[in-house]
$ cat my_file-v8.csv   # CSV, C-alpha atoms
chain,number,residue,atom,x,y,z
A,1,MET,CA,14.4,132.1,45.2
A,2,ASP,CA,13.4,135.0,47.5
A,3,ARG,CA,9.7,133.9,47.2
A,4,LEU,CA,10.6,130.3,47.8
A,5,VAL,CA,12.5,131.1,51.0
A,6,LYS,CA,9.7,133.4,52.3
A,7,PHE,CA,6.8,131.0,51.3
A,8,GLU,CA,5.2,133.8,49.5
A,9,LEU,CA,2.1,132.4,47.7
A,10,PRO,CA,4.0,129.2,46.6
A,11,SER,CA,2.9,127.8,43.3
A,12,GLN,CA,2.7,124.1,42.4
A,13,ASN,CA,6.2,124.2,41.1
A,14,SER,CA,7.4,126.0,44.2
A,15,TRP,CA,5.9,123.3,46.4
A,16,LEU,CA,7.6,120.6,44.3
A,17,ILE,CA,10.9,122.3,45.0
A,18,LEU,CA,10.2,122.9,48.7
A,19,LEU,CA,9.0,119.4,49.4
A,20,GLY,CA,11.8,117.9,47.3
A,21,ALA,CA,14.3,119.8,49.5
A,22,PHE,CA,12.6,118.5,52.6
A,23,VAL,CA,12.9,114.9,51.3
A,24,ILE,CA,16.5,115.3,50.3
A,25,ILE,CA,17.4,116.5,53.9
A,26,GLN,CA,15.9,113.3,55.2
A,27,ILE,CA,17.8,110.9,52.9
A,28,PRO,CA,20.6,110.1,55.4
A,29,ALA,CA,17.9,109.0,57.9
A,30,VAL,CA,16.1,107.0,55.2
A,31,ILE,CA,19.4,105.1,54.4
A,32,ASN,CA,20.2,104.8,58.1
A,33,PHE,CA,16.9,102.9,58.6
A,34,TYR,CA,18.5,99.6,57.5
A,35,ASP,CA,21.4,100.0,60.0
A,36,ASN,CA,18.9,100.3,62.9
A,37,THR,CA,17.0,97.0,62.5
A,38,GLY,CA,14.1,99.2,61.4
A,39,GLY,CA,12.7,96.2,59.4
A,40,ASN,CA,11.7,94.8,62.8
A,41,ASN,CA,9.5,97.8,63.6
A,42,PRO,CA,6.5,96.3,65.5
A,43,TYR,CA,4.1,98.5,63.5
A,44,ILE,CA,5.3,96.8,60.3
A,45,LEU,CA,5.0,93.4,62.0
A,46,PHE,CA,1.5,94.1,63.2
A,47,ALA,CA,0.5,95.2,59.7
A,48,ASP,CA,1.9,92.0,58.4
A,49,ALA,CA,0.0,90.0,61.1
A,50,LEU,CA,-3.3,91.8,60.1
A,51,LEU,CA,-2.7,90.8,56.5
A,52,ASN,CA,-2.5,87.2,57.7
A,53,GLY,CA,-5.7,87.5,59.8
A,54,GLN,CA,-4.0,87.8,63.2
A,55,ILE,CA,-3.5,90.4,65.9
A,56,VAL,CA,-0.6,88.7,67.6
A,57,LEU,CA,3.0,89.2,66.4
A,58,SER,CA,5.2,86.4,65.2
A,59,PRO,CA,6.4,84.1,68.0
A,60,THR,CA,9.9,84.5,66.7
A,61,VAL,CA,9.9,88.2,67.5
A,62,LYS,CA,12.5,89.2,70.1
A,63,LEU,CA,12.0,93.0,70.3
A,64,LYS,CA,11.8,95.8,72.7
A,65,ASP,CA,8.5,97.8,72.7
A,66,VAL,CA,6.3,94.7,72.6
A,67,ILE,CA,3.8,93.1,75.0
A,68,TRP,CA,4.3,89.6,76.3
A,69,PHE,CA,0.9,88.3,77.4
A,70,GLU,CA,-0.3,84.7,77.9
A,71,ASN,CA,2.6,83.4,75.8
A,72,GLN,CA,1.9,85.8,72.9
A,73,TYR,CA,3.5,88.9,71.6
A,74,TYR,CA,1.3,92.0,71.0
A,75,LEU,CA,1.8,95.5,69.8
A,76,PRO,CA,1.4,97.7,72.9
A,77,TYR,CA,0.5,100.9,71.1
A,78,PRO,CA,-2.7,102.1,69.4
A,79,PRO,CA,-3.0,100.4,66.0
A,80,LEU,CA,-3.6,103.3,63.5
A,81,PRO,CA,0.1,103.7,62.4
A,82,SER,CA,0.0,100.0,61.4
A,83,LEU,CA,-3.1,100.6,59.3
A,84,ILE,CA,-1.3,103.4,57.5
A,85,LEU,CA,1.6,101.0,56.8
A,86,LEU,CA,-0.8,98.2,55.7
A,87,PRO,CA,-0.9,99.0,52.0
A,88,PHE,CA,2.9,99.4,51.9
A,89,VAL,CA,3.4,96.1,53.6
A,90,ALA,CA,0.8,94.5,51.2
A,91,VAL,CA,2.6,95.8,48.1
A,92,PHE,CA,6.3,95.6,49.1
A,93,GLY,CA,6.3,93.0,51.9
A,94,ALA,CA,7.2,93.6,55.5
A,95,ALA,CA,10.9,93.3,55.0
A,96,ASN,CA,11.0,96.0,52.4
A,97,VAL,CA,9.0,98.8,54.0
A,98,ASN,CA,11.1,101.8,55.2
A,99,THR,CA,9.1,103.6,57.9
A,100,VAL,CA,11.5,106.6,57.8
A,101,ALA,CA,10.6,107.0,54.1
A,102,VAL,CA,6.9,106.7,54.9
A,103,ALA,CA,7.3,109.2,57.8
A,104,THR,CA,9.1,111.6,55.4
A,105,LEU,CA,6.1,111.5,53.0
A,106,ILE,CA,3.8,112.1,55.9
A,107,GLY,CA,6.1,115.0,56.9
A,108,CYS,CA,5.5,116.6,53.5
A,109,ILE,CA,1.8,116.5,54.1
A,110,SER,CA,2.3,118.1,57.5
A,111,LEU,CA,4.5,120.8,56.0
A,112,PHE,CA,1.8,121.8,53.6
A,113,LEU,CA,-0.9,121.7,56.3
A,114,THR,CA,1.2,123.9,58.6
A,115,TYR,CA,1.5,126.5,55.8
A,116,ARG,CA,-2.2,126.5,55.2
A,117,ILE,CA,-2.9,126.8,58.9
A,118,LEU,CA,-0.6,129.9,59.2
A,119,VAL,CA,-2.3,131.4,56.2
A,120,ARG,CA,-5.8,130.9,57.6
A,121,LEU,CA,-4.6,132.5,60.9
A,122,GLU,CA,-3.6,135.5,58.8
A,123,ILE,CA,0.0,135.4,60.2
A,124,ASP,CA,2.3,138.0,58.8
A,125,LYS,CA,4.2,136.6,55.8
A,126,ASP,CA,7.5,137.6,57.4
A,127,TYR,CA,6.9,135.1,60.2
A,128,ILE,CA,5.6,132.1,58.2
A,129,ASN,CA,8.9,130.8,56.9
A,130,TRP,CA,10.5,131.1,60.3
A,131,LEU,CA,7.7,129.4,62.2
A,132,MET,CA,7.7,126.6,59.7
A,133,MET,CA,11.4,126.1,60.1
A,134,GLY,CA,11.0,126.3,63.8
A,135,LEU,CA,8.4,123.5,63.9
A,136,PHE,CA,10.0,121.1,61.6
A,137,PHE,CA,13.7,121.6,62.3
A,138,GLY,CA,13.8,123.4,65.7
A,139,THR,CA,11.8,121.0,67.8
A,140,GLY,CA,11.6,117.3,68.5
A,141,TYR,CA,9.8,116.8,65.2
A,142,TRP,CA,13.1,116.5,63.3
A,143,PHE,CA,14.3,114.0,65.8
A,144,ALA,CA,11.1,111.9,65.4
A,145,ILE,CA,11.5,111.9,61.6
A,146,VAL,CA,15.1,110.7,61.7
A,147,THR,CA,14.3,108.0,64.3
A,148,SER,CA,11.0,106.8,62.9
A,149,HIS,CA,12.4,103.3,62.5
A,150,HIS,CA,11.2,103.2,66.1
A,151,VAL,CA,7.5,102.7,66.8
A,152,TYR,CA,7.1,105.6,69.1
A,153,ALA,CA,8.7,108.1,66.7
A,154,PHE,CA,6.6,106.9,63.8
A,155,ALA,CA,3.5,107.2,66.0
A,156,HIS,CA,4.4,110.8,66.7
A,157,ILE,CA,4.8,111.7,63.0
A,158,THR,CA,1.4,110.2,62.2
A,159,SER,CA,-0.2,111.8,65.2
A,160,VAL,CA,1.1,115.3,64.3
A,161,MET,CA,-0.4,115.0,60.8
A,162,PHE,CA,-3.8,114.3,62.2
A,163,GLN,CA,-3.5,117.1,64.8
A,164,LEU,CA,-2.7,119.5,61.9
A,165,LEU,CA,-5.6,118.1,59.9
A,166,LEU,CA,-8.1,118.8,62.7
A,167,ILE,CA,-6.7,122.3,63.3
A,168,HIS,CA,-6.9,123.0,59.6
A,169,GLU,CA,-10.5,121.8,59.5
A,170,LEU,CA,-11.5,123.9,62.5
A,171,LEU,CA,-10.0,127.0,60.8
A,172,GLY,CA,-11.7,126.2,57.6
A,173,LYS,CA,-14.9,124.4,56.7
A,174,ARG,CA,-15.6,123.1,60.3
A,175,ARG,CA,-17.3,119.8,59.3
A,176,TRP,CA,-17.7,118.6,62.9
A,177,TRP,CA,-18.0,114.9,62.0
A,178,LEU,CA,-14.6,115.2,60.2
A,179,VAL,CA,-13.1,117.1,63.2
A,180,GLY,CA,-14.2,114.1,65.3
A,181,ILE,CA,-12.6,111.7,62.9
A,182,TYR,CA,-9.3,113.5,63.0
A,183,ILE,CA,-9.4,113.6,66.8
A,184,GLY,CA,-10.1,109.8,66.8
A,185,CYS,CA,-7.3,109.2,64.4
A,186,THR,CA,-4.7,111.1,66.4
A,187,PHE,CA,-6.0,109.3,69.5
A,188,LEU,CA,-5.3,105.9,67.8
A,189,CYS,CA,-1.7,107.1,67.3
A,190,ARG,CA,-1.1,108.7,70.6
A,191,GLN,CA,-3.8,108.3,73.3
A,192,LEU,CA,-3.3,111.6,75.2
A,193,THR,CA,-4.2,113.6,72.1
A,194,ILE,CA,-7.8,112.7,72.9
A,195,PHE,CA,-7.7,115.9,74.9
A,196,TYR,CA,-7.9,117.9,71.6
A,197,ILE,CA,-11.7,117.4,72.2
A,198,PHE,CA,-11.4,120.5,74.5
A,199,LEU,CA,-10.1,122.6,71.6
A,200,ALA,CA,-12.9,121.4,69.3
A,201,LEU,CA,-15.6,122.0,72.0
A,202,GLY,CA,-14.1,125.4,72.8
A,203,TYR,CA,-14.2,126.4,69.2
A,204,MET,CA,-17.8,125.2,68.9
A,205,TYR,CA,-18.9,127.1,72.0
A,206,TYR,CA,-17.1,130.2,70.7
A,207,LEU,CA,-19.0,130.0,67.4
A,208,PHE,CA,-22.3,129.4,69.3
A,209,ARG,CA,-21.7,132.4,71.6
A,210,THR,CA,-20.8,134.8,68.7
A,211,GLY,CA,-23.4,133.4,66.3
A,212,LYS,CA,-20.8,132.9,63.6
A,213,GLY,CA,-21.2,129.2,62.9
A,214,ASN,CA,-24.9,128.3,63.0
A,215,ILE,CA,-24.1,125.7,65.7
A,216,LYS,CA,-26.8,123.1,66.3
A,217,VAL,CA,-27.2,120.2,68.6
A,218,SER,CA,-26.5,117.9,65.6
A,219,ASN,CA,-23.0,119.4,65.3
A,220,PHE,CA,-22.3,118.5,68.9
A,221,LEU,CA,-23.6,115.0,68.4
A,222,ALA,CA,-21.6,114.6,65.2
A,223,LEU,CA,-18.4,115.6,66.9
A,224,CYS,CA,-18.9,113.5,70.0
A,225,GLY,CA,-20.3,110.6,68.1
A,226,THR,CA,-17.4,110.2,65.7
A,227,VAL,CA,-14.9,110.6,68.6
A,228,GLY,CA,-16.9,108.0,70.5
A,229,ILE,CA,-16.7,105.5,67.7
A,230,PHE,CA,-12.9,105.6,67.7
A,231,VAL,CA,-12.8,105.4,71.5
A,232,GLY,CA,-15.2,102.4,71.4
A,233,PHE,CA,-13.0,100.7,68.8
A,234,TYR,CA,-9.9,101.1,71.1
A,235,LEU,CA,-11.9,99.7,74.0
A,236,PHE,CA,-13.0,96.7,71.9
A,237,TYR,CA,-9.4,96.2,70.6
A,238,ASN,CA,-8.2,96.0,74.3
A,239,PHE,CA,-11.0,93.6,75.2
A,240,VAL,CA,-10.1,91.3,72.3
A,241,ARG,CA,-6.5,91.2,73.4
A,242,PHE,CA,-6.7,91.2,77.2
A,243,GLY,CA,-10.3,90.5,78.1
A,244,ASN,CA,-10.6,94.0,79.7
A,245,PRO,CA,-11.5,97.1,77.6
A,246,LEU,CA,-9.7,99.4,80.0
A,247,ASP,CA,-6.5,97.4,80.0
A,248,THR,CA,-4.2,99.0,77.4
A,249,GLY,CA,-1.5,96.4,78.0
A,250,TYR,CA,1.2,98.9,79.0
A,251,GLY,CA,1.8,96.9,82.2
A,252,TYR,CA,2.8,93.9,80.1
A,253,ILE,CA,5.4,95.7,78.0
A,254,VAL,CA,8.8,94.0,78.1
A,255,TYR,CA,10.7,96.9,79.8
A,256,ILE,CA,14.4,96.7,80.2
A,257,GLY,CA,17.1,98.7,82.0
A,258,LEU,CA,16.3,101.7,84.1
A,259,LEU,CA,12.8,102.0,82.8
A,260,GLY,CA,12.2,98.4,83.8
A,261,GLU,CA,13.4,99.1,87.3
A,262,ARG,CA,11.1,102.1,87.5
A,263,VAL,CA,8.0,100.2,86.4
A,264,ASN,CA,8.8,97.2,88.6
A,265,GLU,CA,9.2,99.5,91.6
A,266,TYR,CA,6.5,102.1,91.1
A,267,GLY,CA,4.3,101.0,88.2
A,268,VAL,CA,3.6,102.6,84.8
A,269,PHE,CA,2.1,105.8,86.4
A,270,SER,CA,3.2,107.2,89.7
A,271,ALA,CA,3.5,110.5,91.6
A,272,ARG,CA,7.2,109.5,92.1
A,273,TYR,CA,7.9,110.5,88.5
A,274,PHE,CA,6.4,114.0,88.8
A,275,LEU,CA,9.5,116.0,89.8
A,276,PHE,CA,11.8,114.4,87.4
A,277,ASN,CA,9.4,114.8,84.5
A,278,LEU,CA,8.6,118.4,85.4
A,279,TYR,CA,12.3,119.2,85.4
A,280,ALA,CA,12.7,117.4,82.1
A,281,PHE,CA,9.8,119.3,80.6
A,282,LEU,CA,10.5,122.9,81.7
A,283,ILE,CA,14.1,123.3,83.0
A,284,LYS,CA,16.6,120.6,81.8
A,285,GLY,CA,19.2,122.1,79.5
A,286,PHE,CA,21.3,120.9,76.5
A,287,ASN,CA,23.7,118.4,77.9
A,288,ILE,CA,26.7,116.8,76.3
A,289,GLU,CA,28.0,113.8,78.3
A,290,PHE,CA,31.8,113.7,79.0
A,291,PHE,CA,33.8,110.8,80.4
A,292,GLY,CA,37.4,109.6,81.0
A,293,PRO,CA,40.1,110.2,83.6
A,294,THR,CA,40.2,113.9,82.9
A,295,TYR,CA,36.5,114.1,82.0
A,296,LEU,CA,37.4,115.7,78.6
A,297,GLN,CA,36.3,113.0,76.2
A,298,ILE,CA,32.8,113.2,74.6
A,299,LYS,CA,30.7,110.2,75.2
A,300,ASP,CA,27.4,111.1,73.6
A,301,MET,CA,24.4,113.4,74.0
A,302,ASP,CA,22.3,113.1,77.1
A,303,LEU,CA,19.6,110.7,75.9
A,304,TRP,CA,17.1,112.0,78.5
A,305,GLY,CA,16.7,115.0,76.3
A,306,THR,CA,16.3,118.7,76.7
A,307,SER,CA,13.4,120.6,78.1
A,308,LEU,CA,11.0,122.3,75.7
A,309,LEU,CA,11.9,125.8,76.8
A,310,SER,CA,15.6,125.1,76.6
A,311,ALA,CA,15.5,123.3,73.2
A,312,SER,CA,12.8,125.5,71.5
A,313,PRO,CA,12.6,128.8,73.4
A,314,PHE,CA,10.6,130.5,70.6
A,315,PHE,CA,7.5,128.9,72.0
A,316,ILE,CA,7.5,131.5,74.7
A,317,ALA,CA,5.7,133.7,72.2
A,318,SER,CA,2.6,131.4,72.8
A,319,LEU,CA,2.1,133.3,76.1
A,320,LYS,CA,1.4,136.4,74.1
A,321,ALA,CA,-1.2,134.8,71.8
A,322,SER,CA,-3.9,137.2,70.7
A,323,TRP,CA,-7.0,135.0,70.3
A,324,PRO,CA,-10.6,135.2,71.7
A,325,ALA,CA,-10.6,134.1,75.4
A,326,ILE,CA,-12.8,131.0,74.7
A,327,LEU,CA,-10.5,129.7,72.0
A,328,LYS,CA,-7.4,130.3,74.1
A,329,THR,CA,-9.0,128.5,77.0
A,330,GLY,CA,-9.8,125.5,74.9
A,331,ALA,CA,-6.2,125.5,73.4
A,332,TRP,CA,-4.4,125.8,76.7
A,333,LEU,CA,-6.7,123.3,78.4
A,334,THR,CA,-5.8,120.8,75.7
A,335,ILE,CA,-2.1,121.3,76.2
A,336,VAL,CA,-2.3,121.4,80.0
A,337,MET,CA,-4.3,118.2,80.2
A,338,ILE,CA,-1.9,116.3,78.0
A,339,VAL,CA,1.1,117.6,80.0
A,340,VAL,CA,-0.4,116.8,83.4
A,341,VAL,CA,-0.9,113.1,82.5
A,342,GLN,CA,2.6,112.9,81.0
A,343,LEU,CA,4.2,114.2,84.2
A,344,PHE,CA,3.1,111.1,86.1
A,345,TYR,CA,4.3,108.6,83.4
A,346,HIS,CA,7.4,106.5,84.0
A,347,ASN,CA,9.2,107.8,81.0
A,348,ASN,CA,9.9,111.4,79.8
A,349,GLY,CA,10.6,110.3,76.2
A,350,TYR,CA,13.9,108.5,76.6
A,351,HIS,CA,15.8,107.9,74.3
A,352,GLN,CA,15.8,111.4,72.8
A,353,ILE,CA,18.2,114.1,71.7
A,354,ASN,CA,17.7,117.8,72.4
A,355,THR,CA,13.9,117.4,72.8
A,356,TYR,CA,11.1,116.7,75.1
A,357,ARG,CA,9.7,114.1,72.7
A,358,PHE,CA,6.2,113.9,74.3
A,359,SER,CA,5.7,117.6,73.4
A,360,LEU,CA,4.8,116.3,69.9
A,361,ASP,CA,1.5,115.3,71.4
A,362,PHE,CA,0.5,119.0,71.6
A,363,LEU,CA,3.1,120.8,69.4
A,364,PRO,CA,0.8,121.8,66.6
A,365,MET,CA,-1.5,123.5,69.0
A,366,LEU,CA,1.4,125.2,70.7
A,367,LEU,CA,2.6,126.4,67.3
A,368,VAL,CA,-0.8,128.0,66.6
A,369,LEU,CA,-0.5,130.0,69.9
A,370,THR,CA,3.1,130.9,69.1
A,371,ALA,CA,2.1,132.1,65.7
A,372,LEU,CA,-0.6,134.3,67.2
A,373,GLY,CA,1.8,135.8,69.7
A,374,ALA,CA,4.8,136.1,67.4
A,375,SER,CA,4.2,139.8,66.5
A,376,ALA,CA,4.2,140.7,70.2
A,377,LEU,CA,8.0,139.9,70.4
A,378,PRO,CA,10.7,141.8,68.7
A,379,LYS,CA,11.2,140.2,65.3
A,380,TRP,CA,15.0,139.8,65.8
A,381,LEU,CA,14.3,138.0,69.1
A,382,LEU,CA,11.9,135.5,67.7
A,383,LYS,CA,14.1,134.8,64.7
A,384,GLY,CA,17.1,134.5,66.9
A,385,MET,CA,15.4,132.0,69.2
A,386,ILE,CA,14.3,129.9,66.2
A,387,ALA,CA,17.9,130.0,64.7
A,388,TYR,CA,19.3,129.0,68.1
A,389,ALA,CA,16.9,126.0,68.1
A,390,LEU,CA,17.9,124.9,64.6
A,391,VAL,CA,21.6,125.1,65.5
A,392,LEU,CA,21.1,123.3,68.8
A,393,ASN,CA,19.4,120.4,67.0
A,394,LEU,CA,22.1,120.2,64.4
A,395,VAL,CA,24.9,120.1,67.0
A,396,GLY,CA,23.1,117.5,69.0
A,397,PHE,CA,22.6,115.2,66.0
A,398,VAL,CA,26.2,115.5,64.8
A,399,ILE,CA,27.6,114.7,68.3
A,400,HIS,CA,25.2,111.7,68.7
A,401,TYR,CA,26.1,110.4,65.2
A,402,PHE,CA,29.9,110.6,65.7
A,403,TYR,CA,30.1,109.5,69.4
A,404,GLN,CA,27.3,107.0,70.0
$ encode --input "my_file-v8.csv" --output "C-alpha cells"
Amino acid sequence: MDRLVKFELPSQNSWLILLGAFVIIQIPAVINFYDNTGGNNPYILFADALLNGQIVLSPTVKLKDVIWFENQYYLPYPPLPSLILLPFVAVFGAANVNTVAVATLIGCISLFLTYRILVRLEIDKDYINWLMMGLFFGTGYWFAIVTSHHVYAFAHITSVMFQLLLIHELLGKRRWWLVGIYIGCTFLCRQLTIFYIFLALGYMYYLFRTGKGNIKVSNFLALCGTVGIFVGFYLFYNFVRFGNPLDTGYGYIVYIGLLGERVNEYGVFSARYFLFNLYAFLIKGFNIEFFGPTYLQIKDMDLWGTSLLSASPFFIASLKASWPAILKTGAWLTIVMIVVVQLFYHNNGYHQINTYRFSLDFLPMLLVLTALGASALPKWLLKGMIAYALVLNLVGFVIHYFYQ
C-alpha cells in the first residue's frame, strides 16, 4: 500500500489498482452524464454526421455551443475530439456514447503519461505522488473530467493528453515528425496549443547547441512539415464550411446571456476584456455566492471561477524551475503566448468552478516547470499547497452539487 501511494516503481498490477481507483472516483460524473443532456454533445452529433457523410449537424438540433450559418448548424470547434468519438458512435450509436466515460479513459492514459514524464525528468520520488494528485485533482482538470458532457471540457481532456504525449516524446525518443503530429493533434482540439511549437523548437535548438541530439535540417522540416499538415487541414476545413480558410466560425456561434451581450457589443476578441480576464487569471479568489434578505443563504459557487494562483497555488514552484535557459525560454514562451491571446477573448472559461479553465491549454507544461522547481520549496509548503488545492476543489464541487 505504501508503494502504491508513493508511486514507487508501480508494477502492472499496481497500475490496474491505481487506474481502477481513478475510474471509481469518476463514476458519479459518468452517471450524472445522462442528467445533463450529454447525449446532445455536439462532438457526438458531429461524429454521427461524419458517419452519414455530412459535416453539418442535424437541422433538429437546438443547442448551445453550435454555429448557425446559412441556415445550417455546424460544430464551432476543431474536429479532432469528434474523430476520437467516431468509433464509439459507430459501434454504440450516438445516443449511447457517454463522453464522461470516454474522457475518464483518456484521463487514465494521461495519468500514466504524467508519471512517465516525471520519471524522465528525474523528479524526487517523494514529490511524484503529490504532483500527480495536484495536477489531476487540484486543478481544473478534475472539473473538466466531471463536466465533459460539455464540448469544451471534453476538448480540454483530449488536448491535455496530446500535450502530455508531445512532452513525453521530447523527453524520450524525440522523433520530430511524431512531436509535430502531437502538436497538430492538440491544435485540432484547442487551437491555442499550437504555441507548443515554441517548446519543440526550443528543445531542438538546445540539442543543436549542446551537440546532444544530432540535429539536422531534416528534423526541422519533419517537425514543421507535420504541424503544417494539421494547420492546412484546419484551414481547408474552414474553407469548406465558410468559404474562407481563416474564418473559424466563432463569430457565428449562437451566444446567449451575458456572453452574447459581450460579443454583440465588442466582438469575440477585444481589448475591453483584458482587465477582467487578467483579474480572473491571476487574482480572483474562491467565491461562494450568498443571497436572501440577510445574505446568509448559499446560492451556488461563483461560476466565473477562481484564478490559477488562488485555486492551485503550488504552481508558484514553477518560478524556481531548474532547467537549461533555452528550454525554460521555450517553455515559458509557450505558456505566455497562450495566455496573452486568452486575455483578449470574450470568455474566461465560464461556466467553471474553482478553476481558470483555459489554464488546461498549458497546464502540462506548467506542471513540468513546477516539478523542476519543487525541491526549491520547503517540502511541507509544497505538500500543504497541493492539499489546500484538493480540499478547495472538493468543497467547491459539493457546494455546487447541493445548491445549484
$ residues_around --input "my_file-v8.csv" --residues "Ile117 (chain A)" --least-positions-apart "3" --cutoff "10 Å" --atoms "all atoms listed in the file" --output "ChimeraX atom specification"
/A:111-114,120-123,164-165,167-172,364,368,371
$ closest_residue --input "my_file-v8.csv" --among "A:Leu303, A:Val146, A:Ala155, A:Ala331" --to "His351 (chain A)" --atoms "all atoms listed in the file"
A:Leu303
$ closest_residue --input "my_file-v8.csv" --among "A:Leu319, A:Ile326, A:Leu131, A:Leu258" --to "Gly373 (chain A)" --atoms "only C-alpha atoms"
A:Leu319
$ residues_around --input "my_file-v8.csv" --residues "Ile386 (chain A)" --least-positions-apart "4" --cutoff "7 Å" --atoms "only C-alpha atoms" --output "PyMOL selection string"
chain A and resi 134+138+314+382+390
$ residues_around --input "my_file-v8.csv" --residues "Gly243 (chain A)" --least-positions-apart "6" --cutoff "12 Å" --atoms "all atoms listed in the file" --output "count of residues only"
6
$ closest_residue --input "my_file-v8.csv" --among "A:Leu178, A:Ser148, A:Ala94, A:Leu105" --to "Asn32 (chain A)" --atoms "all atoms listed in the file"
A:Ser148
$ residues_near_point --input "my_file-v8.csv" --point "(9.7, 94.8, 57.2)" --cutoff "10 Å" --atoms "only C-alpha atoms" --output "PDB file with C-alpha atoms, keeping the file's coordinate frame"
ATOM      1  CA  THR A  37      17.000  97.000  62.500  1.00  0.00           C
ATOM      2  CA  GLY A  38      14.100  99.200  61.400  1.00  0.00           C
ATOM      3  CA  GLY A  39      12.700  96.200  59.400  1.00  0.00           C
ATOM      4  CA  ASN A  40      11.700  94.800  62.800  1.00  0.00           C
ATOM      5  CA  ASN A  41       9.500  97.800  63.600  1.00  0.00           C
ATOM      6  CA  PRO A  42       6.500  96.300  65.500  1.00  0.00           C
ATOM      7  CA  TYR A  43       4.100  98.500  63.500  1.00  0.00           C
ATOM      8  CA  ILE A  44       5.300  96.800  60.300  1.00  0.00           C
ATOM      9  CA  LEU A  45       5.000  93.400  62.000  1.00  0.00           C
ATOM     10  CA  ALA A  47       0.500  95.200  59.700  1.00  0.00           C
ATOM     11  CA  ASP A  48       1.900  92.000  58.400  1.00  0.00           C
ATOM     12  CA  PHE A  88       2.900  99.400  51.900  1.00  0.00           C
ATOM     13  CA  VAL A  89       3.400  96.100  53.600  1.00  0.00           C
ATOM     14  CA  PHE A  92       6.300  95.600  49.100  1.00  0.00           C
ATOM     15  CA  GLY A  93       6.300  93.000  51.900  1.00  0.00           C
ATOM     16  CA  ALA A  94       7.200  93.600  55.500  1.00  0.00           C
ATOM     17  CA  ALA A  95      10.900  93.300  55.000  1.00  0.00           C
ATOM     18  CA  ASN A  96      11.000  96.000  52.400  1.00  0.00           C
ATOM     19  CA  VAL A  97       9.000  98.800  54.000  1.00  0.00           C
ATOM     20  CA  ASN A  98      11.100 101.800  55.200  1.00  0.00           C
ATOM     21  CA  THR A  99       9.100 103.600  57.900  1.00  0.00           C
TER      22      THR A  99
END
$ residues_around --input "my_file-v8.csv" --residues "Asp65 (chain A)" --least-positions-apart "2" --cutoff "8 Å" --atoms "only C-alpha atoms" --output "number ranges by chain"
A: 42, 63, 67, 75-76, 151, 253-255
$ atom_distance --input "my_file-v8.csv" --atom1 "CA of Leu327 (chain A)" --atom2 "CA of Tyr206 (chain A)"
6.7 Å
$ residues_near_point --input "my_file-v8.csv" --point "(16.3, 128.7, 72.9)" --cutoff "12 Å" --atoms "all atoms listed in the file" --output "PyMOL selection string"
chain A and resi 134+138-139+283+285-286+306-317+354-355+381-393
$ closest_atom_pairs --input "my_file-v8.csv" --of "region 21-46 of chain A" --to "region 13-17 of chain A" --cutoff "10 Å" --atoms "all atoms listed in the file" --output "tab-separated table"
residue	atom	partner	partner_atom	distance
A:Ala21	CA	A:Ile17	CA	6.2
A:Phe22	CA	A:Ile17	CA	8.7
A:Val23	CA	A:Ile17	CA	9.9
$ axis_aligned_box --input "my_file-v8.csv" --around "region 356-374 of chain A" --padding-each-side "8 Å" --output "JSON"
{"center_x": 4.8, "center_y": 125.0, "center_z": 70.4, "size_x": 28.6, "size_y": 38.2, "size_z": 25.4}
$ atom_distance --input "my_file-v8.csv" --atom1 "CA of Ala49 (chain A)" --atom2 "CA of Ile256 (chain A)"
24.8 Å
$ decode --input "my_file-v8.csv" --residues "region 156-173 of chain A" --atoms "C-alpha atoms" --output "PDB file, in the first residue's frame"
ATOM      1  CA  HIS A 156      -9.662  20.059 -22.854  1.00  0.00           C
ATOM      2  CA  ILE A 157      -9.318  16.439 -21.742  1.00  0.00           C
ATOM      3  CA  THR A 158      -8.273  15.282 -25.222  1.00  0.00           C
ATOM      4  CA  SER A 159      -5.942  18.259 -25.647  1.00  0.00           C
ATOM      5  CA  VAL A 160      -4.168  17.596 -22.334  1.00  0.00           C
ATOM      6  CA  MET A 161      -3.495  14.001 -23.399  1.00  0.00           C
ATOM      7  CA  PHE A 162      -1.794  15.168 -26.601  1.00  0.00           C
ATOM      8  CA  GLN A 163       0.162  17.842 -24.717  1.00  0.00           C
ATOM      9  CA  LEU A 164       1.465  15.127 -22.401  1.00  0.00           C
ATOM     10  CA  LEU A 165       2.259  12.876 -25.357  1.00  0.00           C
ATOM     11  CA  LEU A 166       4.404  15.533 -27.023  1.00  0.00           C
ATOM     12  CA  ILE A 167       6.253  16.376 -23.791  1.00  0.00           C
ATOM     13  CA  HIS A 168       6.818  12.662 -23.196  1.00  0.00           C
ATOM     14  CA  GLU A 169       8.210  12.310 -26.723  1.00  0.00           C
ATOM     15  CA  LEU A 170      10.514  15.312 -26.331  1.00  0.00           C
ATOM     16  CA  LEU A 171      11.938  13.845 -23.124  1.00  0.00           C
ATOM     17  CA  GLY A 172      12.318  10.425 -24.733  1.00  0.00           C
ATOM     18  CA  LYS A 173      12.964   9.300 -28.286  1.00  0.00           C
TER      19      LYS A 173
END
